[in-house]
>>> print(open('target14.csv').read())   # CSV, C-alpha atoms
chain,number,residue,atom,x,y,z
A,1,MET,CA,4.4,8.9,9.5
A,2,SER,CA,3.2,10.2,12.9
A,3,SER,CA,2.5,7.6,15.5
A,4,GLU,CA,-1.1,8.9,15.7
A,5,HIS,CA,-1.7,8.4,12.0
A,6,GLN,CA,0.1,5.1,12.1
A,7,GLN,CA,-2.3,4.0,14.8
A,8,ALA,CA,-5.3,5.2,12.8
A,9,VAL,CA,-4.1,3.0,9.8
A,10,GLN,CA,-3.5,0.0,12.1
A,11,GLU,CA,-6.9,0.4,13.8
A,12,GLN,CA,-8.8,0.8,10.5
A,13,PHE,CA,-7.1,-2.3,8.9
A,14,THR,CA,-7.3,-4.5,12.0
A,15,ARG,CA,-11.0,-3.6,12.5
A,16,THR,CA,-11.8,-4.3,8.8
A,17,ALA,CA,-9.4,-7.1,8.0
A,18,GLU,CA,-12.1,-9.7,7.5
A,19,ALA,CA,-14.4,-7.4,5.6
A,20,PHE,CA,-11.5,-6.3,3.6
A,21,ALA,CA,-10.6,-9.8,2.5
A,22,LYS,CA,-14.2,-10.7,1.8
A,23,PHE,CA,-15.2,-7.6,-0.1
A,24,ALA,CA,-11.9,-6.6,-1.6
A,25,THR,CA,-13.6,-6.4,-5.0
A,26,ARG,CA,-10.5,-4.6,-6.3
A,27,ASP,CA,-8.8,-8.0,-6.2
A,28,THR,CA,-11.1,-9.9,-8.5
A,29,PRO,CA,-9.2,-12.4,-10.7
A,30,ALA,CA,-9.7,-10.2,-13.7
A,31,ASP,CA,-8.3,-7.1,-11.9
A,32,LEU,CA,-5.4,-9.0,-10.6
A,33,ALA,CA,-4.6,-10.4,-14.1
A,34,GLN,CA,-4.7,-6.9,-15.5
A,35,ARG,CA,-2.3,-5.6,-12.9
A,36,ILE,CA,0.0,-8.5,-13.3
A,37,GLU,CA,0.2,-8.0,-17.1
A,38,PHE,CA,0.7,-4.2,-16.7
A,39,ALA,CA,3.7,-4.8,-14.3
A,40,GLU,CA,5.6,-6.8,-16.9
A,41,LEU,CA,6.9,-9.4,-14.5
A,42,ARG,CA,10.0,-11.4,-15.4
A,43,PRO,CA,10.9,-14.9,-14.1
A,44,ASP,CA,14.1,-13.6,-12.4
A,45,ASP,CA,12.4,-10.7,-10.6
A,46,THR,CA,12.6,-10.2,-6.9
A,47,VAL,CA,9.4,-8.2,-6.1
A,48,LEU,CA,8.6,-6.0,-3.1
A,49,ASP,CA,5.0,-4.9,-2.4
A,50,VAL,CA,4.8,-2.0,-0.1
A,51,ALA,CA,1.7,-1.9,2.1
A,52,CYS,CA,0.9,-5.4,0.8
A,53,GLY,CA,-2.2,-5.9,3.0
A,54,PRO,CA,-3.4,-9.6,2.8
A,55,ALA,CA,-1.0,-10.0,-0.2
A,56,ALA,CA,-3.5,-11.0,-2.9
A,57,PHE,CA,-1.2,-9.4,-5.5
A,58,LEU,CA,2.0,-10.9,-4.2
A,59,LEU,CA,0.7,-14.4,-3.8
A,60,ALA,CA,-0.7,-14.3,-7.3
A,61,VAL,CA,2.6,-13.2,-8.8
A,62,ALA,CA,4.8,-15.5,-6.6
A,63,PRO,CA,4.6,-18.5,-9.0
A,64,ARG,CA,5.9,-16.3,-11.9
A,65,VAL,CA,8.9,-14.7,-10.3
A,66,ARG,CA,12.0,-15.6,-8.2
A,67,PHE,CA,10.9,-14.2,-4.8
A,68,VAL,CA,8.2,-11.9,-3.4
A,69,ARG,CA,8.4,-9.9,-0.2
A,70,GLY,CA,5.7,-7.9,1.4
A,71,VAL,CA,5.8,-5.1,4.0
A,72,ASP,CA,2.9,-3.7,5.8
A,73,LEU,CA,2.1,-1.7,8.9
A,74,THR,CA,-0.7,-3.9,10.3
A,75,PRO,CA,0.1,-7.3,12.0
A,76,GLU,CA,-3.4,-8.6,11.3
A,77,MET,CA,-3.0,-8.0,7.5
A,78,LEU,CA,0.3,-10.0,7.5
A,79,ARG,CA,-1.4,-12.8,9.6
A,80,GLN,CA,-4.0,-13.1,6.8
A,81,ALA,CA,-1.3,-13.0,4.1
A,82,ARG,CA,0.6,-15.9,5.8
A,83,THR,CA,-2.6,-18.0,6.2
A,84,LEU,CA,-3.3,-17.5,2.5
A,85,GLN,CA,0.4,-18.3,1.7
A,86,ALA,CA,0.1,-21.6,3.6
A,87,GLU,CA,-3.2,-22.5,2.0
A,88,ARG,CA,-1.6,-22.1,-1.4
A,89,GLY,CA,1.7,-23.8,-0.5
A,90,ILE,CA,3.8,-20.9,-1.7
A,91,THR,CA,7.4,-21.0,-0.5
A,92,ASN,CA,9.0,-18.1,-2.2
A,93,ALA,CA,7.3,-15.3,-0.2
A,94,ALA,CA,8.2,-13.5,3.0
A,95,PHE,CA,6.7,-10.7,5.0
A,96,ASP,CA,8.0,-7.9,7.3
A,97,LEU,CA,6.2,-5.4,9.5
A,98,GLY,CA,7.4,-1.9,8.5
A,99,GLU,CA,6.6,1.6,7.3
A,100,ALA,CA,6.6,2.7,3.7
A,101,GLU,CA,8.4,5.9,4.7
A,102,LYS,CA,11.2,4.0,6.4
A,103,LEU,CA,11.6,0.8,4.5
A,104,PRO,CA,13.8,-1.8,6.2
A,105,TYR,CA,15.7,-2.9,3.1
A,106,ALA,CA,19.1,-2.2,1.7
A,107,ASP,CA,19.5,0.1,-1.4
A,108,GLY,CA,19.0,-1.5,-4.7
A,109,SER,CA,17.4,-4.7,-3.4
A,110,PHE,CA,14.4,-5.3,-5.8
A,111,ASP,CA,13.8,-5.6,-9.5
A,112,LEU,CA,10.2,-4.5,-9.1
A,113,VAL,CA,8.8,-2.4,-6.3
A,114,SER,CA,5.0,-2.3,-6.2
A,115,CYS,CA,2.6,-0.2,-4.1
A,116,GLN,CA,-1.1,-0.4,-4.6
A,117,PHE,CA,-3.9,1.7,-3.1
A,118,ALA,CA,-1.7,2.9,-0.4
A,119,PHE,CA,-0.6,6.5,-1.2
A,120,HIS,CA,-4.0,7.8,-0.1
A,121,HIS,CA,-3.3,6.4,3.4
A,122,MET,CA,0.0,8.2,3.7
A,123,LEU,CA,0.8,11.5,5.4
A,124,ARG,CA,4.0,11.9,3.3
A,125,PRO,CA,3.6,9.9,0.1
A,126,ASP,CA,6.6,11.7,-1.3
A,127,ALA,CA,8.8,10.3,1.4
A,128,ALA,CA,7.5,6.8,0.7
A,129,LEU,CA,8.1,7.2,-3.0
A,130,ALA,CA,11.8,8.2,-2.3
A,131,GLU,CA,12.2,5.1,-0.2
A,132,MET,CA,10.7,2.9,-2.9
A,133,ARG,CA,13.1,4.4,-5.4
A,134,ARG,CA,16.0,3.8,-3.0
A,135,VAL,CA,15.3,0.0,-2.7
A,136,MET,CA,14.9,-0.4,-6.5
A,137,LYS,CA,17.8,-1.9,-8.4
A,138,PRO,CA,19.3,0.7,-10.9
A,139,ALA,CA,17.4,-0.9,-13.8
A,140,GLY,CA,14.4,-1.7,-11.5
A,141,ARG,CA,10.8,-0.7,-12.1
A,142,LEU,CA,8.2,0.9,-9.8
A,143,PHE,CA,4.6,-0.2,-10.2
A,144,LEU,CA,2.0,2.1,-8.6
A,145,VAL,CA,-1.7,1.8,-8.5
A,146,ASP,CA,-4.0,4.2,-6.7
A,147,SER,CA,-7.2,6.1,-7.0
A,148,VAL,CA,-6.8,9.4,-8.9
A,149,GLY,CA,-8.9,12.4,-7.6
A,150,PRO,CA,-10.3,15.4,-9.3
A,151,GLU,CA,-8.0,18.2,-10.6
A,152,ASP,CA,-10.5,20.9,-9.5
A,153,LYS,CA,-9.6,22.0,-6.0
A,154,ALA,CA,-13.1,22.4,-4.6
A,155,ALA,CA,-14.2,19.0,-6.1
A,156,ALA,CA,-11.0,17.4,-4.7
A,157,ALA,CA,-11.8,18.8,-1.2
A,158,ARG,CA,-15.3,17.3,-1.3
A,159,HIS,CA,-14.0,14.0,-2.7
A,160,ASN,CA,-11.4,13.7,0.1
A,161,HIS,CA,-13.9,14.7,2.8
A,162,ILE,CA,-16.2,11.8,1.7
A,163,GLU,CA,-13.3,9.4,1.6
A,164,GLN,CA,-12.2,10.5,5.1
A,165,LEU,CA,-15.8,10.1,6.5
A,166,ARG,CA,-15.8,6.5,5.2
A,167,ASP,CA,-12.2,5.7,6.3
A,168,PRO,CA,-10.5,7.9,9.0
A,169,SER,CA,-7.1,6.6,7.8
A,170,HIS,CA,-7.6,8.2,4.4
A,171,THR,CA,-5.3,11.1,3.9
A,172,LEU,CA,-5.5,12.4,0.3
A,173,THR,CA,-6.3,11.1,-3.1
A,174,LEU,CA,-3.9,12.7,-5.4
A,175,SER,CA,-4.9,14.1,-8.8
A,176,LEU,CA,-3.1,12.9,-11.9
A,177,SER,CA,-1.1,16.1,-12.1
A,178,GLY,CA,-0.3,15.6,-8.4
A,179,PHE,CA,1.1,12.1,-9.1
A,180,ARG,CA,3.0,13.3,-12.2
A,181,GLY,CA,4.6,16.2,-10.3
A,182,MET,CA,5.7,13.9,-7.5
A,183,PHE,CA,7.2,11.4,-9.9
A,184,SER,CA,9.0,14.1,-11.8
A,185,ALA,CA,10.4,15.7,-8.5
A,186,ARG,CA,11.8,12.2,-7.6
A,187,LYS,CA,13.4,11.7,-11.0
A,188,LEU,CA,11.1,8.8,-11.9
A,189,ARG,CA,10.2,8.4,-15.5
A,190,ILE,CA,6.8,7.3,-16.5
A,191,GLU,CA,7.1,4.3,-18.9
A,192,LYS,CA,3.4,3.4,-19.0
A,193,GLN,CA,0.4,5.1,-17.6
A,194,VAL,CA,-3.3,4.1,-17.7
A,195,VAL,CA,-6.3,5.7,-16.0
A,196,LEU,CA,-9.4,3.5,-15.8
A,197,ASP,CA,-12.9,4.0,-14.6
A,198,ARG,CA,-13.7,1.6,-11.7
A,199,PRO,CA,-17.5,1.6,-11.2
A,200,ARG,CA,-18.5,0.0,-7.9
A,201,SER,CA,-21.4,-0.6,-5.6
A,202,PHE,CA,-21.6,2.1,-2.9
A,203,ASN,CA,-23.0,-0.4,-0.4
A,204,LYS,CA,-20.1,-2.9,-0.8
A,205,TRP,CA,-17.6,-0.1,-0.8
A,206,MET,CA,-19.0,1.0,2.6
A,207,LEU,CA,-19.1,-2.6,3.9
A,208,ARG,CA,-15.4,-3.0,3.1
A,209,ALA,CA,-14.7,-0.1,5.4
A,210,GLY,CA,-16.9,-1.7,8.1
A,211,HIS,CA,-20.0,0.4,7.6
A,212,ASP,CA,-23.5,-1.0,7.2
A,213,ARG,CA,-26.7,0.9,6.5
A,214,SER,CA,-27.5,1.5,10.2
A,215,ASP,CA,-24.5,3.6,11.1
A,216,ALA,CA,-24.1,7.3,11.0
A,217,SER,CA,-21.1,7.4,8.6
A,218,TYR,CA,-23.1,5.4,6.1
A,219,LYS,CA,-26.0,7.9,6.2
A,220,GLU,CA,-23.7,10.9,6.0
A,221,VAL,CA,-21.6,9.6,3.2
A,222,ARG,CA,-24.7,8.6,1.3
A,223,ARG,CA,-26.3,12.0,1.8
A,224,LEU,CA,-23.2,13.8,0.4
A,225,LEU,CA,-23.0,11.5,-2.6
A,226,GLU,CA,-26.6,11.9,-3.4
A,227,GLU,CA,-26.2,15.7,-3.2
A,228,SER,CA,-23.4,15.5,-5.6
A,229,ILE,CA,-25.3,13.8,-8.4
A,230,ALA,CA,-26.6,16.9,-10.3
A,231,ASP,CA,-23.2,18.4,-11.0
A,232,ASP,CA,-20.8,15.6,-10.0
A,233,ARG,CA,-19.3,18.1,-7.5
A,234,ALA,CA,-17.3,15.5,-5.6
A,235,GLY,CA,-16.0,13.6,-8.6
A,236,PHE,CA,-17.5,10.2,-7.9
A,237,GLY,CA,-19.8,10.0,-11.0
A,238,VAL,CA,-22.7,8.9,-8.8
A,239,SER,CA,-25.9,7.4,-10.2
A,240,ILE,CA,-28.8,5.7,-8.5
A,241,ASP,CA,-28.9,1.9,-8.8
A,242,GLY,CA,-32.1,0.6,-7.1
A,243,ASP,CA,-31.6,1.0,-3.4
A,244,ASP,CA,-27.8,1.2,-3.9
A,245,LEU,CA,-25.7,3.9,-5.6
A,246,ARG,CA,-23.2,3.3,-8.3
A,247,ILE,CA,-20.0,5.3,-7.8
A,248,VAL,CA,-17.0,5.5,-10.1
A,249,HIS,CA,-13.4,5.8,-8.9
A,250,GLN,CA,-10.7,6.8,-11.3
A,251,GLU,CA,-7.8,4.3,-10.9
A,252,GLY,CA,-4.3,5.2,-12.1
A,253,MET,CA,-1.7,2.5,-13.0
A,254,PHE,CA,1.9,3.6,-13.5
A,255,LEU,CA,5.1,1.8,-14.4
A,256,LEU,CA,8.1,4.0,-13.6
A,257,GLY,CA,11.8,3.7,-14.1
A,258,ARG,CA,14.7,5.8,-12.9
A,259,GLY,CA,15.4,8.9,-15.0
A,260,ILE,CA,14.3,12.4,-15.6
A,261,GLU,CA,10.7,12.9,-16.7
A,262,ILE,CA,10.7,14.7,-20.1
A,263,GLU,CA,7.6,16.9,-20.4
A,264,ALA,CA,5.4,16.3,-23.4
A,265,GLY,CA,6.1,18.8,-26.2
A,266,GLN,CA,9.9,18.9,-25.6
B,1,MET,CA,12.1,-19.6,15.1
B,2,PRO,CA,15.0,-17.6,13.7
B,3,VAL,CA,14.7,-15.6,10.5
B,4,SER,CA,16.5,-17.4,7.7
B,5,GLN,CA,19.9,-16.0,6.5
B,6,VAL,CA,18.6,-15.5,3.0
B,7,LEU,CA,15.8,-13.3,4.2
B,8,LEU,CA,18.1,-11.4,6.5
B,9,GLU,CA,20.5,-10.4,3.7
B,10,ILE,CA,18.7,-7.3,2.6
B,11,LEU,CA,17.1,-6.4,5.9
B,12,VAL,CA,18.4,-3.1,7.4
B,13,CYS,CA,17.6,-0.9,10.3
B,14,PRO,CA,14.8,1.4,9.0
B,15,VAL,CA,16.6,4.4,10.7
B,16,CYS,CA,20.3,3.8,9.9
B,17,LYS,CA,19.9,1.6,6.8
B,18,VAL,CA,22.6,-0.6,8.2
B,19,SER,CA,22.3,-4.5,8.1
B,20,VAL,CA,20.8,-5.9,11.2
B,21,THR,CA,22.1,-9.1,12.8
B,22,PRO,CA,20.2,-11.7,15.0
B,23,THR,CA,20.5,-11.3,18.7
B,24,ALA,CA,22.0,-14.3,20.6
B,25,ASP,CA,18.5,-15.5,21.6
B,26,GLN,CA,17.3,-15.2,18.0
B,27,LEU,CA,14.3,-13.2,19.3
B,28,GLY,CA,15.5,-9.9,17.8
B,29,LEU,CA,17.4,-8.2,15.1
B,30,LYS,CA,20.0,-5.6,16.2
B,31,CYS,CA,21.3,-2.6,14.5
B,32,PRO,CA,25.1,-2.2,15.1
B,33,GLN,CA,24.9,1.5,14.7
B,34,CYS,CA,22.0,2.8,16.8
B,35,HIS,CA,21.7,-0.4,18.9
B,36,ARG,CA,18.0,-0.7,18.4
B,37,VAL,CA,16.7,-4.2,18.7
B,38,TYR,CA,13.7,-5.1,16.5
B,39,PRO,CA,11.6,-8.0,17.8
B,40,VAL,CA,10.7,-11.0,15.7
B,41,LYS,CA,7.2,-12.1,16.4
B,42,ASP,CA,5.7,-15.3,14.8
B,43,ASP,CA,8.7,-15.3,12.4
B,44,ILE,CA,7.9,-11.8,11.2
B,45,PRO,CA,10.5,-9.2,11.7
B,46,VAL,CA,8.9,-6.1,13.3
B,47,MET,CA,10.9,-3.4,11.7
B,48,LEU,CA,9.0,-0.5,13.3
B,49,VAL,CA,10.9,2.2,15.2
B,50,ASP,CA,8.3,2.5,17.9
B,51,GLU,CA,8.5,-1.3,18.7
B,52,ALA,CA,12.3,-1.4,19.0
B,53,ARG,CA,14.2,-1.1,22.2
B,54,ILE,CA,17.6,0.4,22.5
B,55,GLU,CA,20.3,-1.9,24.0
B,56,SER,CA,23.7,-1.0,25.2
B,57,ALA,CA,26.6,-1.7,22.8
B,58,GLN,CA,27.7,-4.5,25.1
B,59,GLY,CA,24.3,-6.2,25.0
B,60,THR,CA,23.5,-9.3,22.9
>>> encode(input="target14.csv", output="structure tokens")
Amino acid sequence: MSSEHQQAVQEQFTRTAEAFAKFATRDTPADLAQRIEFAELRPDDTVLDVACGPAAFLLAVAPRVRFVRGVDLTPEMLRQARTLQAERGITNAAFDLGEAEKLPYADGSFDLVSCQFAFHHMLRPDAALAEMRRVMKPAGRLFLVDSVGPEDKAAAARHNHIEQLRDPSHTLTLSLSGFRGMFSARKLRIEKQVVLDRPRSFNKWMLRAGHDRSDASYKEVRRLLEESIADDRAGFGVSIDGDDLRIVHQEGMFLLGRGIEIEAGQ
Amino acid sequence: MPVSQVLLEILVCPVCKVSVTPTADQLGLKCPQCHRVYPVKDDIPVMLVDEARIESAQGT
């Protein structure tokens, strides 16, 4: 990761840490429960969450596993994670400041490595994936969750432009074939894959990134989304909802193991 | 406060991937290979290359 991009990520997530915790609607109890079930946790597991943020996922899984560890680039996020940890009296969790592309852990350290909603902030997601595979135990699993973007190139460009206007630390939302190609190149086998529709309020989505109705980014993003309604040209499935917009993100959940991906039909 | 031994076990230098060891003052974690010292702030190891300082081999 370049220092410049690293700084953009740190600035975005320091500025929005409070809004992030408050409006992190991704982390509703139902969403968390769904992810926990998908990840197939085992009581003996040692779990690493890469780009753990305020650690909503890790602290929810801590009571079910042996130990959880979180690594994030932004000190403010880890400060919040530790506050939440203390509030809940969780003792089997620890946090480190570090980069996804240069993980500070020995090879084969974790049973489950998780990374959620972080690939779209990375300049080199492939390098981060290689690091996650490295710190997995030989029989370990990799649990990834992220937005999935349009396959069509023009739609993908519009989609990512809108994401970047909202959040300057956004790099690229990968398409499903983009994710699958990256897994295959890193010899990671897909054991389970689900792609879900995540409808959300545009206003809350903007607030979580620190934008309210009065600012220029809000207006520009809203204009672009409204323009895209007729032919869904930016892949957000936009519809009008009173004075708000309803937008839909595609969310991919993947459980991966080491191995060579065998293409369908073989 | 020093980082506990259990937590240290799997911690490595993000550049060399070699185990780091606490400095004498317990305020840092040192890589024996590249001699980077990573600070520990509020009990959290700061394993960022940009935040590390390089010490001589004879240092702590």
>>> closest_residue(input="target14.csv", among="A:Leu78, A:Leu207, A:Leu245, A:Cys115", to="Leu97 in chain A", atoms="all atoms listed in the file")
A:Leu78
>>> atom_distance(input="target14.csv", atom1="CA of Arg158 in chain A", atom2="CA of His211 in chain A")
19.7 Å
>>> residues_around(input="target14.csv", residues="Leu224 in chain A", least_positions_apart="2", cutoff="12 Å", atoms="all atoms listed in the file", output="PyMOL selection string")
chain A and resi 158-163+165-166+217-222+226-230+232-236+238+245
>>> closest_atom_pairs(input="target14.csv", of="chain A", to="chain B", cutoff="8 Å", atoms="only C-alpha atoms", output="JSON lines")
{"residue": "A:Ala94", "atom": "CA", "partner": "B:Leu7", "partner_atom": "CA", "distance": 7.7}
{"residue": "A:Phe95", "atom": "CA", "partner": "B:Ile44", "partner_atom": "CA", "distance": 6.4}
{"residue": "A:Asp96", "atom": "CA", "partner": "B:Pro45", "partner_atom": "CA", "distance": 5.2}
{"residue": "A:Leu97", "atom": "CA", "partner": "B:Val46", "partner_atom": "CA", "distance": 4.7}
{"residue": "A:Gly98", "atom": "CA", "partner": "B:Met47", "partner_atom": "CA", "distance": 5.0}
{"residue": "A:Glu99", "atom": "CA", "partner": "B:Leu48", "partner_atom": "CA", "distance": 6.8}
{"residue": "A:Lys102", "atom": "CA", "partner": "B:Pro14", "partner_atom": "CA", "distance": 5.1}
{"residue": "A:Leu103", "atom": "CA", "partner": "B:Pro14", "partner_atom": "CA", "distance": 5.6}
{"residue": "A:Pro104", "atom": "CA", "partner": "B:Pro14", "partner_atom": "CA", "distance": 4.4}
{"residue": "A:Tyr105", "atom": "CA", "partner": "B:Leu11", "partner_atom": "CA", "distance": 4.7}
{"residue": "A:Ala106", "atom": "CA", "partner": "B:Ile10", "partner_atom": "CA", "distance": 5.2}
{"residue": "A:Ser109", "atom": "CA", "partner": "B:Ile10", "partner_atom": "CA", "distance": 6.7}
>>> atom_distance(input="target14.csv", atom1="CA of Val47 in chain A", atom2="CA of Ser114 in chain A")
7.4 Å
>>> atom_distance(input="target14.csv", atom1="CA of Arg258 in chain A", atom2="CA of Thr74 in chain A")
29.5 Å
>>> decode(input="target14.csv", residues="range 193-222 of chain A", atoms="N, CA and C atoms", output="JSON list (two decimals), in the first residue's frame")
[["chain", "number", "residue", "atom", "x", "y", "z"],
["A", 193, "GLN", "N", -20.12, -20.13, -1.59],
["A", 193, "GLN", "CA", -20.23, -18.78, -2.13],
["A", 193, "GLN", "C", -21.70, -18.36, -2.15],
["A", 194, "VAL", "N", -21.97, -17.18, -1.65],
["A", 194, "VAL", "CA", -23.33, -16.64, -1.69],
["A", 194, "VAL", "C", -23.24, -15.19, -2.14],
["A", 195, "VAL", "N", -24.10, -14.77, -3.03],
["A", 195, "VAL", "CA", -24.19, -13.34, -3.37],
["A", 195, "VAL", "C", -25.61, -12.88, -3.03],
["A", 196, "LEU", "N", -25.68, -11.87, -2.17],
["A", 196, "LEU", "CA", -26.97, -11.40, -1.66],
["A", 196, "LEU", "C", -27.23, -9.96, -2.08],
["A", 197, "ASP", "N", -28.49, -9.60, -2.18],
["A", 197, "ASP", "CA", -28.86, -8.20, -2.37],
["A", 197, "ASP", "C", -28.92, -7.53, -1.01],
["A", 198, "ARG", "N", -28.27, -6.39, -0.88],
["A", 198, "ARG", "CA", -28.33, -5.62, 0.37],
["A", 198, "ARG", "C", -28.96, -4.26, 0.09],
["A", 199, "PRO", "N", -30.27, -4.16, 0.18],
["A", 199, "PRO", "CA", -30.89, -2.85, -0.01],
["A", 199, "PRO", "C", -30.60, -1.95, 1.18],
["A", 200, "ARG", "N", -30.34, -0.69, 0.92],
["A", 200, "ARG", "CA", -30.11, 0.23, 2.03],
["A", 200, "ARG", "C", -30.57, 1.64, 1.69],
["A", 201, "SER", "N", -30.71, 2.43, 2.74],
["A", 201, "SER", "CA", -31.07, 3.84, 2.60],
["A", 201, "SER", "C", -29.85, 4.62, 2.11],
["A", 202, "PHE", "N", -30.05, 5.36, 1.04],
["A", 202, "PHE", "CA", -28.97, 6.20, 0.52],
["A", 202, "PHE", "C", -28.52, 7.22, 1.56],
["A", 203, "ASN", "N", -29.48, 7.85, 2.25],
["A", 203, "ASN", "CA", -29.12, 8.89, 3.23],
["A", 203, "ASN", "C", -28.24, 8.33, 4.35],
["A", 204, "LYS", "N", -28.60, 7.15, 4.85],
["A", 204, "LYS", "CA", -27.78, 6.56, 5.93],
["A", 204, "LYS", "C", -26.42, 6.12, 5.42],
["A", 205, "TRP", "N", -26.41, 5.62, 4.19],
["A", 205, "TRP", "CA", -25.14, 5.20, 3.57],
["A", 205, "TRP", "C", -24.19, 6.39, 3.46],
["A", 206, "MET", "N", -24.73, 7.54, 3.09],
["A", 206, "MET", "CA", -23.91, 8.76, 2.98],
["A", 206, "MET", "C", -23.47, 9.25, 4.38],
["A", 207, "LEU", "N", -24.37, 9.18, 5.33],
["A", 207, "LEU", "CA", -24.03, 9.62, 6.70],
["A", 207, "LEU", "C", -22.88, 8.80, 7.27],
["A", 208, "ARG", "N", -22.91, 7.50, 6.98],
["A", 208, "ARG", "CA", -21.86, 6.63, 7.50],
["A", 208, "ARG", "C", -20.48, 7.05, 6.96],
["A", 209, "ALA", "N", -20.47, 7.67, 5.79],
["A", 209, "ALA", "CA", -19.20, 8.16, 5.24],
["A", 209, "ALA", "C", -18.96, 9.63, 5.61],
["A", 210, "GLY", "N", -19.84, 10.18, 6.44],
["A", 210, "GLY", "CA", -19.63, 11.54, 6.94],
["A", 210, "GLY", "C", -20.25, 12.64, 6.08],
["A", 211, "HIS", "N", -21.21, 12.28, 5.20],
["A", 211, "HIS", "CA", -21.84, 13.30, 4.35],
["A", 211, "HIS", "C", -23.30, 13.50, 4.72],
["A", 212, "ASP", "N", -23.69, 14.76, 4.97],
["A", 212, "ASP", "CA", -25.12, 15.01, 5.12],
["A", 212, "ASP", "C", -25.61, 15.78, 3.90],
["A", 213, "ARG", "N", -26.90, 16.07, 3.90],
["A", 213, "ARG", "CA", -27.55, 16.62, 2.71],
["A", 213, "ARG", "C", -26.96, 17.93, 2.23],
["A", 214, "SER", "N", -26.28, 18.65, 3.15],
["A", 214, "SER", "CA", -25.83, 19.99, 2.77],
["A", 214, "SER", "C", -24.51, 19.95, 1.99],
["A", 215, "ASP", "N", -23.81, 18.83, 1.97],
["A", 215, "ASP", "CA", -22.49, 18.94, 1.35],
["A", 215, "ASP", "C", -22.48, 18.54, -0.13],
["A", 216, "ALA", "N", -21.42, 19.01, -0.78],
["A", 216, "ALA", "CA", -21.34, 18.90, -2.25],
["A", 216, "ALA", "C", -21.29, 17.44, -2.70],
["A", 217, "SER", "N", -20.58, 16.60, -1.96],
["A", 217, "SER", "CA", -20.49, 15.19, -2.36],
["A", 217, "SER", "C", -21.85, 14.53, -2.32],
["A", 218, "TYR", "N", -22.63, 14.87, -1.29],
["A", 218, "TYR", "CA", -23.98, 14.30, -1.18],
["A", 218, "TYR", "C", -24.76, 14.62, -2.45],
["A", 219, "LYS", "N", -24.72, 15.91, -2.82],
["A", 219, "LYS", "CA", -25.52, 16.35, -3.98],
["A", 219, "LYS", "C", -25.06, 15.68, -5.27],
["A", 220, "GLU", "N", -23.76, 15.60, -5.44],
["A", 220, "GLU", "CA", -23.23, 15.01, -6.68],
["A", 220, "GLU", "C", -23.54, 13.51, -6.76],
["A", 221, "VAL", "N", -23.34, 12.81, -5.66],
["A", 221, "VAL", "CA", -23.61, 11.37, -5.66],
["A", 221, "VAL", "C", -25.10, 11.12, -5.91],
["A", 222, "ARG", "N", -25.92, 11.93, -5.27],
["A", 222, "ARG", "CA", -27.37, 11.76, -5.44],
["A", 222, "ARG", "C", -27.78, 12.02, -6.90]]
